[in-house]
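Engineer: Have a look at the structure that comes next, please.
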Amino acid sequence: MSAALADVAARAAPASVRALSRTAELYDRVRRVVPPLEWPAFADDIDAILRLKHERNAVVLAHNYMSPEIFHCVSDIVGDSLALAREAQTVDADVIVMAGVHFMAETAKMLNPGKTVLIPDLRAGCSLASSITAADVRLLRQRYPRRPVVTYVNTSAEVKAESDICCTSGNAKKIVESLGVPEVIMIPDKYLAANVARETGVKIIAWEGACEVHERFTARQIRSLRADNPGVVVLAHPECPPDVVDEADYAGSTAGMQDYVARRQPGRVVLITECSMADNVAVLHPGVEFVRPCNLCPHMKRISLRNIRSALENMEHEVVIEPAVAVRARRAVERMLEV
Ligand code: 13P
Ligand code: SF4
């Protein structure tokens, strides 16, 4: 146990001292981004979650936007939306706890329907997923017949069920190009659609949805970040408006950004995406300096160690999808995974 943590342990209750000593190695992993004074509040829950995962034969899948104490200390599988979907297919455990938002839990359930899939807080939604309904997709099809519908995974199972194929930020360009047509309907993110249209030359009929985290970044903010932080490498998520992507050195999914940092080891970098991502990548790359504008996703931040623990204790909240919807939605996701 480090000196800083030992000092905190000396003042903690006996039960917490046991948890502190059992989780000391985990603390070492995240000490650069979690202050020692915060750790006792996490240690009890982490200790309990590790025990409960074993008792329930459960795994925790965590998106790159989870806070570092979740991402680095209780997760079994981590990644971007594409990686989590791929990995969910092959999970062998009885229970999957999704440390992410609701559409991610639904995707895991449709790809591995025999498993019990839990989401620690049912309110963990997404501004993109709530921007469009299945009825909207049917109307779009009536209005623009014969165009394939490409649906971002950040949507409900009902919307996926009305779609031809899904995509994520990690494969959107590839999926649109794979269709080999001059025009597609791409829903619901207007910025992702605009970014993909520019990259592919395919005409895109878009929807008015946007990610409430990424749409807050502006081109002017990026220019001022560069002016204030000489030499900074700017990595942006394609849910950002196109003029923000234009200011970046690289645009890609959260996994793409992480790979960029791992491969190139920039001296100084800024990730134009959700706030916790920089903490999680910083833990892995101590030699890289991270500039941190902080836009939090209120939906992702609904997931905490406390409610992951309670999900496992009480086996709540189980994600269920109506079977007829699940079959059609799964087809759209599987088509994406085949590409
Ligand atoms: P990716 O991790 O797939 O890039 O998605 C980002 C996101 O906003 C998920 O909600
Ligand atoms: Fe949705 Fe944006 Fe939050 Fe991702 S970051 S869950 S796209 S609101």
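Residue numbering restarts at 1 in every chain; chains get A, B, ... in the order shown in the structure tokens, and ligands count up from 1 in that same order.
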Hey, which residues come within 7 Å of ligand 2 if we count only C-alpha atoms and all ligand atoms? Could you give them as a PyMOL selection string?
Structural biologist: chain A and resi 101+125-128+154+211-214+274+297-300
Engineer: Which residues, written as a list in words, have at least one atom at most 8 Å from Ala9 of chain A, with only C-alpha atoms counted and residues fewer than 4 positions away on the same chain left out?
Structural biologist: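 With the cut-off at 8 Å, the set is Leu5, Ser16, Val17, Leu20 and Pro40 of chain A.
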Engineer: What lies within 12 Å of segment 215-225 of chain A using only C-alpha atoms, ignoring chain neighbours under 5 positions off, as JSON, numbers by chain?
Structural biologist: {"A": [127, 128, 189, 190, 191, 192, 209, 210, 230, 231, 232, 233, 234, 235, 236, 237, 238, 239, 240, 241, 242, 243, 244, 245, 246, 247, 248, 249, 268, 269, 270, 271, 272, 273, 274, 290, 291, 292, 293, 294, 295, 296, 297]}
Engineer: Show which residues sit within 7 Å of segment 151-153 of chain A, as number ranges by chain. Count only C-alpha atoms, and ignore same-chain residues fewer than 3 positions away.
Structural biologist: A: 160, 163, 165-168, 186-188
Engineer: Go ahead and write the selection's residues with N, CA and C atoms as a short mmCIF file (atom, residue, chain, number, x, y, z; two decimals), in the first residue's frame.
Structural biologist:
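File written: result.cif
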data_model
loop_
_atom_site.label_atom_id
_atom_site.label_comp_id
_atom_site.auth_asym_id
_atom_site.auth_seq_id
_atom_site.Cartn_x
_atom_site.Cartn_y
_atom_site.Cartn_z
N LYS A 160 -33.64 0.28 -34.61
CA LYS A 160 -32.75 -0.65 -35.34
C LYS A 160 -33.59 -1.65 -36.14
N SER A 163 -34.38 -0.82 -39.64
CA SER A 163 -33.21 -0.40 -40.43
C SER A 163 -32.66 -1.54 -41.27
N ILE A 165 -29.19 -1.73 -41.94
CA ILE A 165 -27.86 -2.06 -41.40
C ILE A 165 -27.50 -1.02 -40.35
N CYS A 166 -26.72 -1.43 -39.36
CA CYS A 166 -26.26 -0.47 -38.35
C CYS A 166 -24.83 -0.05 -38.65
N CYS A 167 -24.38 0.97 -37.94
CA CYS A 167 -22.98 1.36 -38.00
C CYS A 167 -22.59 1.95 -36.66
N THR A 168 -21.29 2.07 -36.42
CA THR A 168 -20.79 2.78 -35.25
C THR A 168 -19.87 3.88 -35.77
N MET A 186 -29.22 8.08 -43.45
CA MET A 186 -28.35 7.76 -42.32
C MET A 186 -28.87 8.50 -41.09
N ILE A 187 -29.24 7.72 -40.06
CA ILE A 187 -29.90 8.30 -38.88
C ILE A 187 -29.16 7.88 -37.61
N PRO A 188 -29.31 8.62 -36.47
CA PRO A 188 -29.99 9.90 -36.36
C PRO A 188 -29.02 11.08 -36.22
#
Engineer: When the cut-off is 6 Å and you count only C-alpha atoms and all ligand atoms, which residues lie near ligand 1, shown as a CSV table (one decimal) with N, CA, C and O atoms, in the first residue's frame?
Structural biologist:
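Result file out.csv:
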chain,number,residue,atom,x,y,z
A,80,ASP,N,-14.9,0.7,-27.3
A,80,ASP,CA,-15.9,1.6,-28.0
A,80,ASP,C,-17.2,0.8,-28.2
A,80,ASP,O,-17.3,-0.4,-27.9
A,81,SER,N,-18.2,1.4,-28.9
A,81,SER,CA,-19.5,0.8,-29.1
A,81,SER,C,-19.3,-0.5,-29.9
A,81,SER,O,-20.0,-1.5,-29.7
A,82,LEU,N,-18.4,-0.4,-30.9
A,82,LEU,CA,-18.2,-1.5,-31.8
A,82,LEU,C,-17.6,-2.7,-31.1
A,82,LEU,O,-18.1,-3.9,-31.2
A,168,THR,N,-21.3,2.1,-36.4
A,168,THR,CA,-20.8,2.8,-35.2
A,168,THR,C,-19.9,3.9,-35.8
A,168,THR,O,-19.6,3.9,-37.0
A,169,SER,N,-19.3,4.7,-34.9
A,169,SER,CA,-18.4,5.7,-35.3
A,169,SER,C,-17.1,5.1,-35.9
A,169,SER,O,-16.4,5.7,-36.7
A,253,SER,N,-13.4,7.0,-33.8
A,253,SER,CA,-14.1,6.6,-32.6
A,253,SER,C,-13.3,6.7,-31.4
A,253,SER,O,-12.1,7.0,-31.5
A,254,THR,N,-13.9,6.4,-30.2
A,254,THR,CA,-13.1,6.5,-29.0
A,254,THR,C,-11.9,5.5,-29.0
A,254,THR,O,-10.8,5.8,-28.6
Engineer: Within 10 Å of Lys115 of chain A, counting only C-alpha atoms, which residues qualify if same-chain residues fewer than 6 places away don't, as JSON, numbers by chain?
Structural biologist: {"A": [58, 88, 91, 92, 93, 94, 95, 96, 108, 109]}
Engineer: Env of Ala161 of chain A: 8 Å cut, atoms = only C-alpha atoms, seq-sep filter 2 positions within chain, self excluded. Answer as a list of chain:residue names.
Structural biologist: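 Near Ala161 of chain A, the qualifying residues are A:Ala134, A:Ala157, A:Glu158, A:Val159, A:Ser163, A:Val325, A:Ala326, A:Val327, A:Arg328, A:Ala329, A:Arg330, A:Arg331, A:Ala332.
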Engineer: Generate the output file for the selected residues, N, CA and C atoms, as a PDB file, in the first residue's frame.
Structural biologist:
ATOM      1  N   ALA A 134     -39.291   4.608 -34.093  1.00  0.00           N
ATOM      2  CA  ALA A 134     -39.509   3.666 -35.209  1.00  0.00           C
ATOM      3  C   ALA A 134     -40.478   4.273 -36.227  1.00  0.00           C
ATOM      4  N   ALA A 157     -33.779  -0.345 -29.817  1.00  0.00           N
ATOM      5  CA  ALA A 157     -33.949  -1.593 -30.582  1.00  0.00           C
ATOM      6  C   ALA A 157     -35.073  -1.429 -31.614  1.00  0.00           C
ATOM      7  N   GLU A 158     -36.119  -0.681 -31.270  1.00  0.00           N
ATOM      8  CA  GLU A 158     -37.248  -0.485 -32.198  1.00  0.00           C
ATOM      9  C   GLU A 158     -36.784   0.227 -33.472  1.00  0.00           C
ATOM     10  N   VAL A 159     -35.913   1.219 -33.308  1.00  0.00           N
ATOM     11  CA  VAL A 159     -35.400   1.950 -34.481  1.00  0.00           C
ATOM     12  C   VAL A 159     -34.471   1.043 -35.290  1.00  0.00           C
ATOM     13  N   SER A 163     -34.382  -0.816 -39.638  1.00  0.00           N
ATOM     14  CA  SER A 163     -33.210  -0.404 -40.428  1.00  0.00           C
ATOM     15  C   SER A 163     -32.662  -1.544 -41.274  1.00  0.00           C
ATOM     16  N   VAL A 325     -39.175  -7.597 -32.165  1.00  0.00           N
ATOM     17  CA  VAL A 325     -38.302  -6.439 -32.402  1.00  0.00           C
ATOM     18  C   VAL A 325     -36.844  -6.907 -32.366  1.00  0.00           C
ATOM     19  N   ALA A 326     -36.529  -7.740 -31.374  1.00  0.00           N
ATOM     20  CA  ALA A 326     -35.139  -8.184 -31.181  1.00  0.00           C
ATOM     21  C   ALA A 326     -34.604  -8.896 -32.430  1.00  0.00           C
ATOM     22  N   VAL A 327     -35.429  -9.739 -33.038  1.00  0.00           N
ATOM     23  CA  VAL A 327     -34.974 -10.506 -34.212  1.00  0.00           C
ATOM     24  C   VAL A 327     -34.602  -9.557 -35.352  1.00  0.00           C
ATOM     25  N   ARG A 328     -35.455  -8.558 -35.598  1.00  0.00           N
ATOM     26  CA  ARG A 328     -35.205  -7.642 -36.724  1.00  0.00           C
ATOM     27  C   ARG A 328     -34.038  -6.705 -36.408  1.00  0.00           C
ATOM     28  N   ALA A 329     -33.972  -6.263 -35.166  1.00  0.00           N
ATOM     29  CA  ALA A 329     -32.883  -5.350 -34.782  1.00  0.00           C
ATOM     30  C   ALA A 329     -31.538  -6.079 -34.860  1.00  0.00           C
ATOM     31  N   ARG A 330     -31.553  -7.305 -34.409  1.00  0.00           N
ATOM     32  CA  ARG A 330     -30.324  -8.104 -34.412  1.00  0.00           C
ATOM     33  C   ARG A 330     -29.792  -8.289 -35.835  1.00  0.00           C
ATOM     34  N   ARG A 331     -30.732  -8.472 -36.772  1.00  0.00           N
ATOM     35  CA  ARG A 331     -30.318  -8.655 -38.167  1.00  0.00           C
ATOM     36  C   ARG A 331     -29.512  -7.430 -38.648  1.00  0.00           C
ATOM     37  N   ALA A 332     -30.005  -6.230 -38.297  1.00  0.00           N
ATOM     38  CA  ALA A 332     -29.307  -4.996 -38.733  1.00  0.00           C
ATOM     39  C   ALA A 332     -27.917  -4.895 -38.081  1.00  0.00           C
TER      40      ALA A 332
END
Engineer: Out of segment 132-236 of chain A, which residues get strand (DSSP E) from DSSP, as an MDAnalysis selection string?
Structural biologist: chainID A and resid 149:152 165:167 183:187 203:206 233:236
Engineer: How would the residues just chosen look if you wrote them out with C-alpha atoms as a PDB file, in the first residue's frame?
Structural biologist:
ATOM      1  CA  VAL A 149     -31.389   2.954 -44.007  1.00  0.00           C
ATOM      2  CA  VAL A 150     -28.050   3.037 -42.154  1.00  0.00           C
ATOM      3  CA  THR A 151     -28.639   3.401 -38.423  1.00  0.00           C
ATOM      4  CA  TYR A 152     -26.083   4.479 -35.873  1.00  0.00           C
ATOM      5  CA  ILE A 165     -27.864  -2.062 -41.400  1.00  0.00           C
ATOM      6  CA  CYS A 166     -26.262  -0.474 -38.347  1.00  0.00           C
ATOM      7  CA  CYS A 167     -22.977   1.360 -38.004  1.00  0.00           C
ATOM      8  CA  GLU A 183     -27.621   7.770 -51.777  1.00  0.00           C
ATOM      9  CA  VAL A 184     -28.488   6.467 -48.300  1.00  0.00           C
ATOM     10  CA  ILE A 185     -30.635   7.479 -45.352  1.00  0.00           C
ATOM     11  CA  MET A 186     -28.354   7.764 -42.317  1.00  0.00           C
ATOM     12  CA  ILE A 187     -29.897   8.302 -38.879  1.00  0.00           C
ATOM     13  CA  LYS A 203     -25.295  11.579 -50.775  1.00  0.00           C
ATOM     14  CA  ILE A 204     -26.795  11.270 -47.321  1.00  0.00           C
ATOM     15  CA  ILE A 205     -30.340  12.003 -46.209  1.00  0.00           C
ATOM     16  CA  ALA A 206     -29.833  12.780 -42.517  1.00  0.00           C
ATOM     17  CA  VAL A 233      -2.276  17.085 -31.161  1.00  0.00           C
ATOM     18  CA  VAL A 234      -6.073  17.337 -31.538  1.00  0.00           C
ATOM     19  CA  LEU A 235      -8.130  14.135 -31.819  1.00  0.00           C
ATOM     20  CA  ALA A 236     -11.879  14.571 -32.390  1.00  0.00           C
TER      21      ALA A 236
END
Engineer: As a list of chain:residue names, please: the residues near Ser2 of chain A (cut-off 12 Å, only C-alpha atoms, same-chain neighbours under 4 positions excluded).
Structural biologist: A:Ala6, A:Asp7, A:Val8, A:Ala9, A:Leu20, A:Ser21, A:Thr23, A:Ala24, A:Glu25, A:Leu26, A:Tyr27, A:Asp28, A:Arg29, A:Arg31, A:Pro36
Engineer: Let me see the file: selected residues, N, CA and C atoms, as a JSON list (two decimals), in the first residue's frame.
Structural biologist:
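This is the output file selection.json:
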[["chain", "number", "residue", "atom", "x", "y", "z"],
["A", 6, "ALA", "N", -1.91, 4.53, 2.83],
["A", 6, "ALA", "CA", -1.76, 4.06, 4.22],
["A", 6, "ALA", "C", -2.22, 5.15, 5.18],
["A", 7, "ASP", "N", -1.92, 6.38, 4.85],
["A", 7, "ASP", "CA", -2.32, 7.51, 5.68],
["A", 7, "ASP", "C", -3.86, 7.59, 5.74],
["A", 8, "VAL", "N", -4.50, 7.39, 4.58],
["A", 8, "VAL", "CA", -5.97, 7.42, 4.52],
["A", 8, "VAL", "C", -6.53, 6.23, 5.31],
["A", 9, "ALA", "N", -5.91, 5.05, 5.17],
["A", 9, "ALA", "CA", -6.39, 3.82, 5.83],
["A", 9, "ALA", "C", -6.33, 3.96, 7.35],
["A", 20, "LEU", "N", -9.67, -1.52, 1.73],
["A", 20, "LEU", "CA", -8.54, -0.72, 1.25],
["A", 20, "LEU", "C", -7.33, -1.60, 0.99],
["A", 21, "SER", "N", -7.12, -2.57, 1.89],
["A", 21, "SER", "CA", -5.93, -3.39, 1.68],
["A", 21, "SER", "C", -6.15, -4.36, 0.50],
["A", 23, "THR", "N", -7.87, -3.75, -2.14],
["A", 23, "THR", "CA", -7.93, -3.04, -3.43],
["A", 23, "THR", "C", -6.68, -2.17, -3.67],
["A", 24, "ALA", "N", -5.67, -2.31, -2.81],
["A", 24, "ALA", "CA", -4.50, -1.42, -2.90],
["A", 24, "ALA", "C", -3.83, -1.51, -4.28],
["A", 25, "GLU", "N", -3.77, -2.73, -4.84],
["A", 25, "GLU", "CA", -3.12, -2.87, -6.15],
["A", 25, "GLU", "C", -3.91, -2.16, -7.24],
["A", 26, "LEU", "N", -5.25, -2.22, -7.10],
["A", 26, "LEU", "CA", -6.09, -1.53, -8.08],
["A", 26, "LEU", "C", -5.88, -0.02, -7.98],
["A", 27, "TYR", "N", -5.72, 0.44, -6.74],
["A", 27, "TYR", "CA", -5.49, 1.88, -6.59],
["A", 27, "TYR", "C", -4.21, 2.31, -7.30],
["A", 28, "ASP", "N", -3.20, 1.44, -7.22],
["A", 28, "ASP", "CA", -1.94, 1.79, -7.90],
["A", 28, "ASP", "C", -2.16, 2.06, -9.39],
["A", 29, "ARG", "N", -3.11, 1.32, -9.99],
["A", 29, "ARG", "CA", -3.39, 1.50, -11.41],
["A", 29, "ARG", "C", -3.90, 2.91, -11.72],
["A", 31, "ARG", "N", -3.89, 5.71, -9.60],
["A", 31, "ARG", "CA", -3.47, 6.77, -8.66],
["A", 31, "ARG", "C", -3.19, 8.10, -9.33],
["A", 36, "PRO", "N", -5.97, 10.12, -3.43],
["A", 36, "PRO", "CA", -6.08, 9.10, -2.37],
["A", 36, "PRO", "C", -7.27, 9.33, -1.45]]
